[in-house]
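For reference, target-v4.csv is printed below; it contains CSV, C-alpha atoms and all ligand atoms.
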chain,number,residue,atom,x,y,z
A,1,MET,CA,184.1,-4.1,178.4
A,2,GLU,CA,186.8,-5.6,180.7
A,3,GLU,CA,186.7,-3.9,184.1
A,4,ILE,CA,189.9,-2.6,185.7
A,5,THR,CA,190.8,-4.3,189.0
A,6,ILE,CA,192.5,-2.8,192.0
A,7,HIS,CA,195.6,-4.8,191.2
A,8,GLU,CA,196.3,-2.7,188.2
A,9,PHE,CA,196.9,0.5,190.1
A,10,ASP,CA,200.2,1.6,191.4
A,11,PHE,CA,200.6,0.8,195.1
A,12,ALA,CA,201.8,4.4,195.8
A,13,LEU,CA,198.8,6.0,194.1
A,14,ILE,CA,196.4,3.9,196.1
A,15,ASN,CA,198.2,4.7,199.3
A,16,GLU,CA,198.4,8.4,198.4
A,17,PHE,CA,194.6,8.4,198.2
A,18,PHE,CA,194.0,6.4,201.4
A,19,THR,CA,196.6,7.7,203.9
A,20,GLU,CA,194.7,11.0,204.1
A,21,LEU,CA,191.8,9.1,205.5
A,22,GLU,CA,191.6,8.0,209.1
A,23,ARG,CA,191.0,4.4,208.2
A,24,GLN,CA,192.1,2.6,205.0
A,25,GLY,CA,189.5,-0.1,205.3
A,26,PRO,CA,186.2,-0.9,207.0
A,27,GLY,CA,186.4,-1.1,210.8
A,28,SER,CA,185.7,0.7,214.0
A,29,SER,CA,187.1,1.3,217.5
A,30,GLU,CA,184.1,-0.6,218.9
A,31,GLU,CA,184.8,-3.7,216.9
A,32,THR,CA,188.5,-3.6,217.6
A,33,ILE,CA,187.7,-3.5,221.3
A,34,ARG,CA,185.1,-6.2,220.9
A,35,ALA,CA,187.7,-8.5,219.3
A,36,LEU,CA,190.2,-7.6,222.0
A,37,GLY,CA,187.7,-8.9,224.5
A,38,PHE,CA,188.4,-12.5,223.3
A,39,ILE,CA,192.1,-12.3,224.1
A,40,ASP,CA,193.1,-13.8,227.5
A,41,ASN,CA,196.0,-12.8,229.8
A,42,LEU,CA,196.7,-9.3,228.5
A,43,SER,CA,199.3,-7.5,230.7
A,44,ASN,CA,202.1,-4.9,230.5
A,45,LYS,CA,204.3,-7.8,229.3
A,46,THR,CA,202.1,-8.5,226.3
A,47,LYS,CA,203.7,-8.0,222.9
A,48,ILE,CA,201.5,-7.3,219.9
A,49,ALA,CA,202.3,-7.1,216.2
A,50,ASP,CA,199.8,-5.1,214.0
A,51,LEU,CA,200.4,-6.2,210.4
A,52,GLY,CA,199.2,-4.1,207.5
A,53,CYS,CA,198.6,-1.4,210.0
A,54,GLY,CA,198.1,1.5,207.6
A,55,THR,CA,198.1,4.9,209.4
A,56,GLY,CA,197.3,3.0,212.6
A,57,ALA,CA,193.6,3.7,213.6
A,58,GLN,CA,193.3,0.2,215.1
A,59,THR,CA,196.9,0.4,216.5
A,60,MET,CA,196.0,3.3,218.7
A,61,VAL,CA,192.9,1.6,219.9
A,62,LEU,CA,194.9,-1.4,220.9
A,63,ALA,CA,197.4,0.8,222.7
A,64,GLN,CA,194.7,2.7,224.5
A,65,ASN,CA,192.9,-0.4,225.6
A,66,THR,CA,195.9,-2.5,226.8
A,67,GLU,CA,199.2,-1.9,228.5
A,68,ALA,CA,201.0,-3.9,225.7
A,69,THR,CA,204.0,-3.0,223.6
A,70,ILE,CA,203.0,-2.9,219.9
A,71,THR,CA,205.1,-3.2,216.8
A,72,ALA,CA,203.0,-2.0,213.8
A,73,LEU,CA,204.2,-3.0,210.3
A,74,ASP,CA,203.2,-1.8,206.8
A,75,LEU,CA,204.8,-1.9,203.4
A,76,TYR,CA,204.0,1.8,202.8
A,77,ALA,CA,206.5,4.2,204.5
A,78,GLY,CA,204.1,7.2,204.3
A,79,SER,CA,201.6,5.3,206.5
A,80,ILE,CA,204.3,4.4,209.0
A,81,ASP,CA,205.5,8.0,209.3
A,82,LYS,CA,201.9,9.1,210.0
A,83,LEU,CA,201.4,6.3,212.6
A,84,ASN,CA,204.6,7.2,214.4
A,85,ALA,CA,203.6,10.9,214.5
A,86,THR,CA,200.2,10.0,215.9
A,87,ALA,CA,201.8,7.8,218.6
A,88,VAL,CA,203.9,10.8,219.7
A,89,LYS,CA,200.8,13.1,219.7
A,90,LEU,CA,199.0,10.6,221.9
A,91,GLY,CA,202.0,10.1,224.2
A,92,LEU,CA,202.1,6.4,223.2
A,93,GLN,CA,205.5,6.4,221.6
A,94,ASN,CA,207.1,4.3,224.4
A,95,ARG,CA,204.8,1.4,223.6
A,96,VAL,CA,204.0,1.9,219.9
A,97,LYS,CA,206.5,1.7,217.1
A,98,GLY,CA,205.7,1.6,213.4
A,99,ILE,CA,208.2,-0.1,211.0
A,100,VAL,CA,208.2,-0.6,207.3
A,101,GLY,CA,208.2,-4.2,206.2
A,102,SER,CA,206.2,-6.9,204.4
A,103,MET,CA,203.8,-9.2,206.2
A,104,ASP,CA,204.9,-12.2,204.1
A,105,ASN,CA,208.5,-11.8,205.3
A,106,LEU,CA,208.4,-10.7,208.9
A,107,PRO,CA,211.5,-9.3,210.5
A,108,PHE,CA,210.7,-10.8,213.9
A,109,GLN,CA,212.0,-13.6,216.1
A,110,ASN,CA,210.3,-17.0,216.4
A,111,ASP,CA,207.8,-17.1,219.3
A,112,GLU,CA,208.2,-13.3,219.8
A,113,PHE,CA,204.5,-12.2,220.1
A,114,ASP,CA,201.5,-12.9,222.3
A,115,LEU,CA,199.1,-11.5,219.8
A,116,ILE,CA,199.2,-10.8,216.0
A,117,TRP,CA,196.6,-8.4,214.8
A,118,SER,CA,195.7,-7.4,211.3
A,119,GLU,CA,192.6,-5.5,210.0
A,120,GLY,CA,191.8,-5.5,206.3
A,121,ALA,CA,195.2,-6.5,205.2
A,122,ILE,CA,195.7,-10.3,205.2
A,123,ALA,CA,194.2,-10.7,201.7
A,124,ASN,CA,197.3,-9.0,200.3
A,125,ILE,CA,199.2,-12.2,200.9
A,126,GLY,CA,196.4,-14.7,201.3
A,127,PHE,CA,194.4,-15.8,204.4
A,128,GLU,CA,196.0,-19.3,204.6
A,129,LYS,CA,199.5,-18.2,203.7
A,130,GLY,CA,199.3,-15.3,206.2
A,131,LEU,CA,198.0,-17.5,209.0
A,132,ASN,CA,200.7,-20.1,208.3
A,133,HIS,CA,203.6,-17.6,208.1
A,134,TRP,CA,202.5,-15.6,211.2
A,135,LYS,CA,202.1,-18.7,213.5
A,136,GLY,CA,205.9,-19.1,213.8
A,137,PHE,CA,206.2,-15.6,215.3
A,138,LEU,CA,203.5,-16.3,218.0
A,139,LYS,CA,204.2,-17.9,221.3
A,140,LYS,CA,202.4,-21.1,222.1
A,141,ASP,CA,198.8,-20.1,223.2
A,142,GLY,CA,199.3,-16.8,221.5
A,143,TYR,CA,196.4,-15.3,219.5
A,144,VAL,CA,195.8,-14.1,216.0
A,145,ALA,CA,193.0,-11.7,215.3
A,146,VAL,CA,192.3,-10.6,211.7
A,147,THR,CA,189.5,-9.1,209.6
A,148,TYR,CA,189.1,-10.7,206.2
A,149,GLU,CA,186.6,-10.3,203.3
A,150,SER,CA,184.2,-13.2,203.4
A,151,TRP,CA,181.0,-14.4,201.8
A,152,PHE,CA,177.9,-14.5,204.1
A,153,THR,CA,176.0,-16.9,201.8
A,154,ASP,CA,176.8,-20.0,199.8
A,155,GLU,CA,175.6,-18.4,196.6
A,156,ARG,CA,175.5,-14.8,195.3
A,157,PRO,CA,174.7,-12.8,192.1
A,158,ALA,CA,177.3,-13.1,189.3
A,159,GLU,CA,178.1,-9.4,189.3
A,160,ILE,CA,179.4,-9.3,192.9
A,161,GLU,CA,181.0,-12.7,192.6
A,162,LYS,CA,183.1,-11.5,189.8
A,163,TRP,CA,184.1,-8.3,191.5
A,164,TRP,CA,185.4,-10.1,194.6
A,165,LEU,CA,187.0,-13.0,192.7
A,166,ASP,CA,189.0,-10.3,190.9
A,167,ALA,CA,189.9,-8.4,194.1
A,168,VAL,CA,190.4,-11.4,196.4
A,169,PRO,CA,190.7,-14.6,194.4
A,170,GLU,CA,190.6,-16.8,197.6
A,171,ILE,CA,187.5,-15.1,199.1
A,172,SER,CA,185.4,-17.8,200.8
A,173,THR,CA,182.6,-18.4,203.3
A,174,ILE,CA,182.9,-17.9,207.0
A,175,GLY,CA,182.7,-21.6,207.6
A,176,HIS,CA,185.5,-22.4,205.2
A,177,ASN,CA,187.7,-19.6,206.6
A,178,ILE,CA,187.2,-21.0,210.1
A,179,SER,CA,188.3,-24.5,208.8
A,180,ILE,CA,191.4,-22.9,207.3
A,181,MET,CA,192.2,-21.3,210.7
A,182,GLN,CA,191.9,-24.8,212.3
A,183,LYS,CA,194.0,-26.4,209.5
A,184,THR,CA,196.8,-23.9,209.9
A,185,GLY,CA,197.2,-24.7,213.6
A,186,TYR,CA,194.9,-22.4,215.6
A,187,ILE,CA,191.9,-23.2,217.7
A,188,PRO,CA,189.1,-20.9,216.4
A,189,VAL,CA,187.9,-18.8,219.3
A,190,ALA,CA,185.4,-16.4,217.7
A,191,ALA,CA,184.2,-15.1,214.4
A,192,PHE,CA,181.9,-12.1,214.0
A,193,THR,CA,180.9,-9.9,211.1
A,194,LEU,CA,181.7,-6.2,211.1
A,195,PRO,CA,178.5,-4.2,211.2
A,196,GLU,CA,177.5,-1.9,208.3
A,197,ASN,CA,178.6,1.3,210.0
A,198,CYS,CA,182.2,0.1,209.7
A,199,TRP,CA,181.7,0.3,206.0
A,200,ILE,CA,179.4,3.2,205.5
A,201,ASP,CA,180.3,5.7,208.3
A,202,ASN,CA,184.0,4.8,208.6
A,203,TYR,CA,185.1,3.9,205.1
A,204,LEU,CA,182.7,4.9,202.3
A,205,ILE,CA,181.4,8.3,203.5
A,206,PRO,CA,184.8,9.7,204.5
A,207,GLN,CA,186.1,8.8,201.0
A,208,LYS,CA,183.6,11.1,199.3
A,209,ALA,CA,185.3,14.4,200.1
A,210,ARG,CA,188.7,12.8,199.6
A,211,GLN,CA,187.7,11.6,196.1
A,212,GLU,CA,186.9,15.2,195.0
A,213,GLU,CA,190.1,16.5,196.5
A,214,PHE,CA,192.2,13.8,194.8
A,215,LEU,CA,190.6,14.3,191.4
A,216,LYS,CA,191.3,18.0,191.7
A,217,LYS,CA,194.9,17.4,192.5
A,218,HIS,CA,195.3,14.9,189.6
A,219,THR,CA,193.2,16.7,187.0
A,220,GLY,CA,193.7,15.0,183.6
A,221,ASN,CA,195.4,12.0,185.1
A,222,LYS,CA,193.5,9.1,183.7
A,223,THR,CA,194.9,6.6,186.2
A,224,ALA,CA,193.8,8.7,189.1
A,225,GLU,CA,190.4,9.1,187.5
A,226,ASP,CA,190.1,5.3,187.0
A,227,LEU,CA,191.1,4.7,190.6
A,228,ILE,CA,188.3,7.0,191.9
A,229,ALA,CA,185.8,5.4,189.5
A,230,LEU,CA,186.8,2.0,191.0
A,231,MET,CA,186.3,3.2,194.5
A,232,ARG,CA,182.9,4.6,193.6
A,233,ARG,CA,181.9,1.3,192.0
A,234,GLU,CA,183.0,-0.5,195.2
A,235,ALA,CA,180.6,1.8,197.2
A,236,ASP,CA,177.7,1.2,194.7
A,237,LEU,CA,178.3,-2.5,194.9
A,238,TYR,CA,178.3,-2.5,198.6
A,239,SER,CA,174.9,-0.8,198.8
A,240,LYS,CA,173.5,-3.2,196.2
A,241,TYR,CA,175.0,-6.5,197.6
A,242,LYS,CA,175.9,-6.0,201.2
A,243,GLN,CA,173.8,-8.9,202.4
A,244,TYR,CA,176.2,-11.3,200.5
A,245,TYR,CA,179.6,-10.3,201.9
A,246,GLY,CA,181.6,-8.2,204.3
A,247,TYR,CA,184.5,-8.3,206.7
A,248,VAL,CA,184.6,-10.9,209.4
A,249,PHE,CA,186.8,-10.8,212.5
A,250,TYR,CA,188.5,-14.2,212.9
A,251,ILE,CA,190.2,-14.9,216.3
A,252,GLY,CA,192.2,-18.0,216.9
A,253,LYS,CA,194.6,-19.3,219.5
A,254,LYS,CA,197.8,-21.0,218.5
A,255,MET,CA,197.8,-24.7,219.3
A,301,LIG,N1,194.8,-1.8,209.0
A,301,LIG,C1,194.5,-0.5,208.4
A,301,LIG,C2,193.1,-0.1,208.5
A,301,LIG,O1,192.2,-1.0,208.7
A,301,LIG,O2,192.8,1.1,208.4
A,301,LIG,C3,194.9,-0.6,206.9
A,301,LIG,C4,194.1,-1.5,206.0
A,301,LIG,S1,194.5,-1.3,204.3
A,301,LIG,C5,193.0,-1.9,203.6
A,301,LIG,C6,195.7,-2.5,203.9
A,301,LIG,C7,197.1,-2.1,204.3
A,301,LIG,O3,197.9,-3.2,204.0
A,301,LIG,C8,197.6,-0.9,203.5
A,301,LIG,O4,198.1,0.0,204.5
A,301,LIG,C9,198.8,-1.5,202.7
A,301,LIG,O5,199.9,-0.6,202.6
A,301,LIG,C10,199.2,-2.7,203.5
A,301,LIG,N2,199.9,-3.8,202.8
A,301,LIG,C11,199.6,-4.3,201.6
A,301,LIG,N3,200.5,-5.3,201.3
A,301,LIG,C12,201.3,-5.4,202.3
A,301,LIG,C13,202.4,-6.3,202.7
A,301,LIG,N4,202.8,-7.2,201.8
A,301,LIG,N5,203.0,-6.1,203.9
A,301,LIG,C14,202.6,-5.2,204.7
A,301,LIG,N6,201.6,-4.3,204.5
A,301,LIG,C15,200.9,-4.4,203.3
Would you mind writing the file out in structure tokens?
Ligand code: SAM
Amino acid sequence: MEEITIHEFDFALINEFFTELERQGPGSSEETIRALGFIDNLSNKTKIADLGCGTGAQTMVLAQNTEATITALDLYAGSIDKLNATAVKLGLQNRVKGIVGSMDNLPFQNDEFDLIWSEGAIANIGFEKGLNHWKGFLKKDGYVAVTYESWFTDERPAEIEKWWLDAVPEISTIGHNISIMQKTGYIPVAAFTLPENCWIDNYLIPQKARQEEFLKKHTGNKTAEDLIALMRREADLYSKYKQYYGYVFYIGKKM
């Protein structure tokens, strides 16, 4: 039987499920701070763009660990509303602003930013395409820091290979992704894998209660049931094949 892929679900339904969760992808404050440690010359003049920010878990970490001004952008207006409300709650609204937009058509000036951040989102437009497009909005010597789904090994079982080729057709190895970073005009500065707790504690476990709640709300809705079945399969595959893939933080400096 042909398996349904994530691309077949309505964007609004996926976001309705995820925006009630603190994070919409694997990650953690610790790993965001670790990546931030590779960025030189942060000051109160620094301008950061956080692309595909979701409800802003990592945006707030960036704001709380720098003095920078941050523009956070996402295609989904519901996430941006939540992000802006959180910024107000944390007293960060003078430095953090969420806007609706698409990361493949950024509404910014050339050379506007010192740092472009993006966790778990660049695959939506493609790693190479994203790095290429975003470079124009970075100042010379500016940095890009992204997490991206990557293979840890040169070969893997067919079942997990098929899953990821459906979800992220360009998925590749860490070495290849670093070479793309170099080819698109950045000096690769660091690459490190996100540890398992970023997946298990911060992404997969919090989904469990949300899945029950979502199914209750959408009782009898086959599309919603299929979406939850897909999310459960993602979790099962992670526990079976996590040695073969994961998210990698890639940090590069614009040449
Ligand atoms: N960075 C957040 C996090 O780690 O919790 C969210 C990651 S979530 C896996 C991916 C995000 O990318 C979603 O919020 C989705 O709405 C957003 N997205 C998808 N396509 C986009 C696009 N073309 N432009 C901007 N955001 C997009």
Check which residues fall inside 8 Å of ligand LIG 301 (chain A) when counting all atoms listed in the file, and print them as an NGL selection string.
:A and (11 or 15 or 19 or 22-27 or 50-58 or 73-76 or 79 or 100-104 or 118-122 or 124-125)
May I have the residues from that selection written out with C-alpha atoms, as an mmCIF file, keeping the file's coordinate frame?
data_model
loop_
_atom_site.group_PDB
_atom_site.id
_atom_site.type_symbol
_atom_site.label_atom_id
_atom_site.label_comp_id
_atom_site.auth_asym_id
_atom_site.auth_seq_id
_atom_site.Cartn_x
_atom_site.Cartn_y
_atom_site.Cartn_z
ATOM 1 C CA PHE A 11 200.600 0.800 195.100
ATOM 2 C CA ASN A 15 198.200 4.700 199.300
ATOM 3 C CA THR A 19 196.600 7.700 203.900
ATOM 4 C CA GLU A 22 191.600 8.000 209.100
ATOM 5 C CA ARG A 23 191.000 4.400 208.200
ATOM 6 C CA GLN A 24 192.100 2.600 205.000
ATOM 7 C CA GLY A 25 189.500 -0.100 205.300
ATOM 8 C CA PRO A 26 186.200 -0.900 207.000
ATOM 9 C CA GLY A 27 186.400 -1.100 210.800
ATOM 10 C CA ASP A 50 199.800 -5.100 214.000
ATOM 11 C CA LEU A 51 200.400 -6.200 210.400
ATOM 12 C CA GLY A 52 199.200 -4.100 207.500
ATOM 13 C CA CYS A 53 198.600 -1.400 210.000
ATOM 14 C CA GLY A 54 198.100 1.500 207.600
ATOM 15 C CA THR A 55 198.100 4.900 209.400
ATOM 16 C CA GLY A 56 197.300 3.000 212.600
ATOM 17 C CA ALA A 57 193.600 3.700 213.600
ATOM 18 C CA GLN A 58 193.300 0.200 215.100
ATOM 19 C CA LEU A 73 204.200 -3.000 210.300
ATOM 20 C CA ASP A 74 203.200 -1.800 206.800
ATOM 21 C CA LEU A 75 204.800 -1.900 203.400
ATOM 22 C CA TYR A 76 204.000 1.800 202.800
ATOM 23 C CA SER A 79 201.600 5.300 206.500
ATOM 24 C CA VAL A 100 208.200 -0.600 207.300
ATOM 25 C CA GLY A 101 208.200 -4.200 206.200
ATOM 26 C CA SER A 102 206.200 -6.900 204.400
ATOM 27 C CA MET A 103 203.800 -9.200 206.200
ATOM 28 C CA ASP A 104 204.900 -12.200 204.100
ATOM 29 C CA SER A 118 195.700 -7.400 211.300
ATOM 30 C CA GLU A 119 192.600 -5.500 210.000
ATOM 31 C CA GLY A 120 191.800 -5.500 206.300
ATOM 32 C CA ALA A 121 195.200 -6.500 205.200
ATOM 33 C CA ILE A 122 195.700 -10.300 205.200
ATOM 34 C CA ASN A 124 197.300 -9.000 200.300
ATOM 35 C CA ILE A 125 199.200 -12.200 200.900
#
Find the spatial neighbours of Leu215 in chain A, counting all atoms listed in the file, within a cut-off of 12 Å - ignore same-chain residues fewer than 5 positions away - and output them as a ChimeraX atom specification.
/A:13,17,207-210,220-229
Skipping near chain neighbours, those fewer than 5 positions away, what residues fall within 6 Å of Ile48 in chain A using only C-alpha atoms, listed as a list in words?
Ile70, Phe113, Leu115 and Ile116 of chain A
Restricting the calculation to all atoms listed in the file, which member of A:Gln64, A:Ser239, A:Gln93, A:Thr147 is positioned closest to Ile200 in chain A?
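Between A:Gln64, A:Ser239, A:Gln93, A:Thr147, the residue approaching Ile200 in chain A most closely is A:Ser239.
When all atoms listed in the file are used to measure the gap to Leu138 in chain A, the shortest distance among A:Glu161, A:Glu112, A:Asp40, A:Asp154 belongs to A:Glu112.
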Could you check the closest approach to Arg232 in chain A for each of A:Leu204, A:His218, A:Phe108, A:Leu62 and tell me which residue wins, using all atoms listed in the file?
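Closest to Arg232 in chain A, using all atoms listed in the file: A:Leu204.
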Answer as a list in words, residues within 10 Å of (171.8, -10.5, 200.1) using all atoms listed in the file
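Every residue inside that radius is included here: Phe152, Thr153, Glu155, Arg156, Pro157, Lys240, Tyr241, Lys242, Gln243, Tyr244 and Tyr245 of chain A.
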Looking at all atoms listed in the file, which of A:Phe137, A:Tyr238, A:Phe249, A:Tyr143 is the one that sits closest to Ile187 in chain A?
A:Tyr143
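The shell of residues at most 8 Å from Trp151 in chain A, with all atoms listed in the file counted and near chain neighbours (fewer than 4 positions) removed, consists of A:Ile171, A:Ser172, A:Thr173, A:Ile174, A:Tyr244, A:Tyr245, A:Gly246.
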Taken to one decimal, the CA of Val144 in chain A-CA of Trp163 in chain A distance is 27.8 Å
Compare A:Lys82, A:Arg95, A:Lys89, A:His176 by their minimum atom-to-atom distance to Thr69 in chain A, counting all atoms listed in the file, and give me the closest one.
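With all atoms listed in the file as the atom set, the closest residue is A:Arg95.
The coordinates place CA of Pro169 in chain A at 19.4 Å from CA of Lys183 in chain A.
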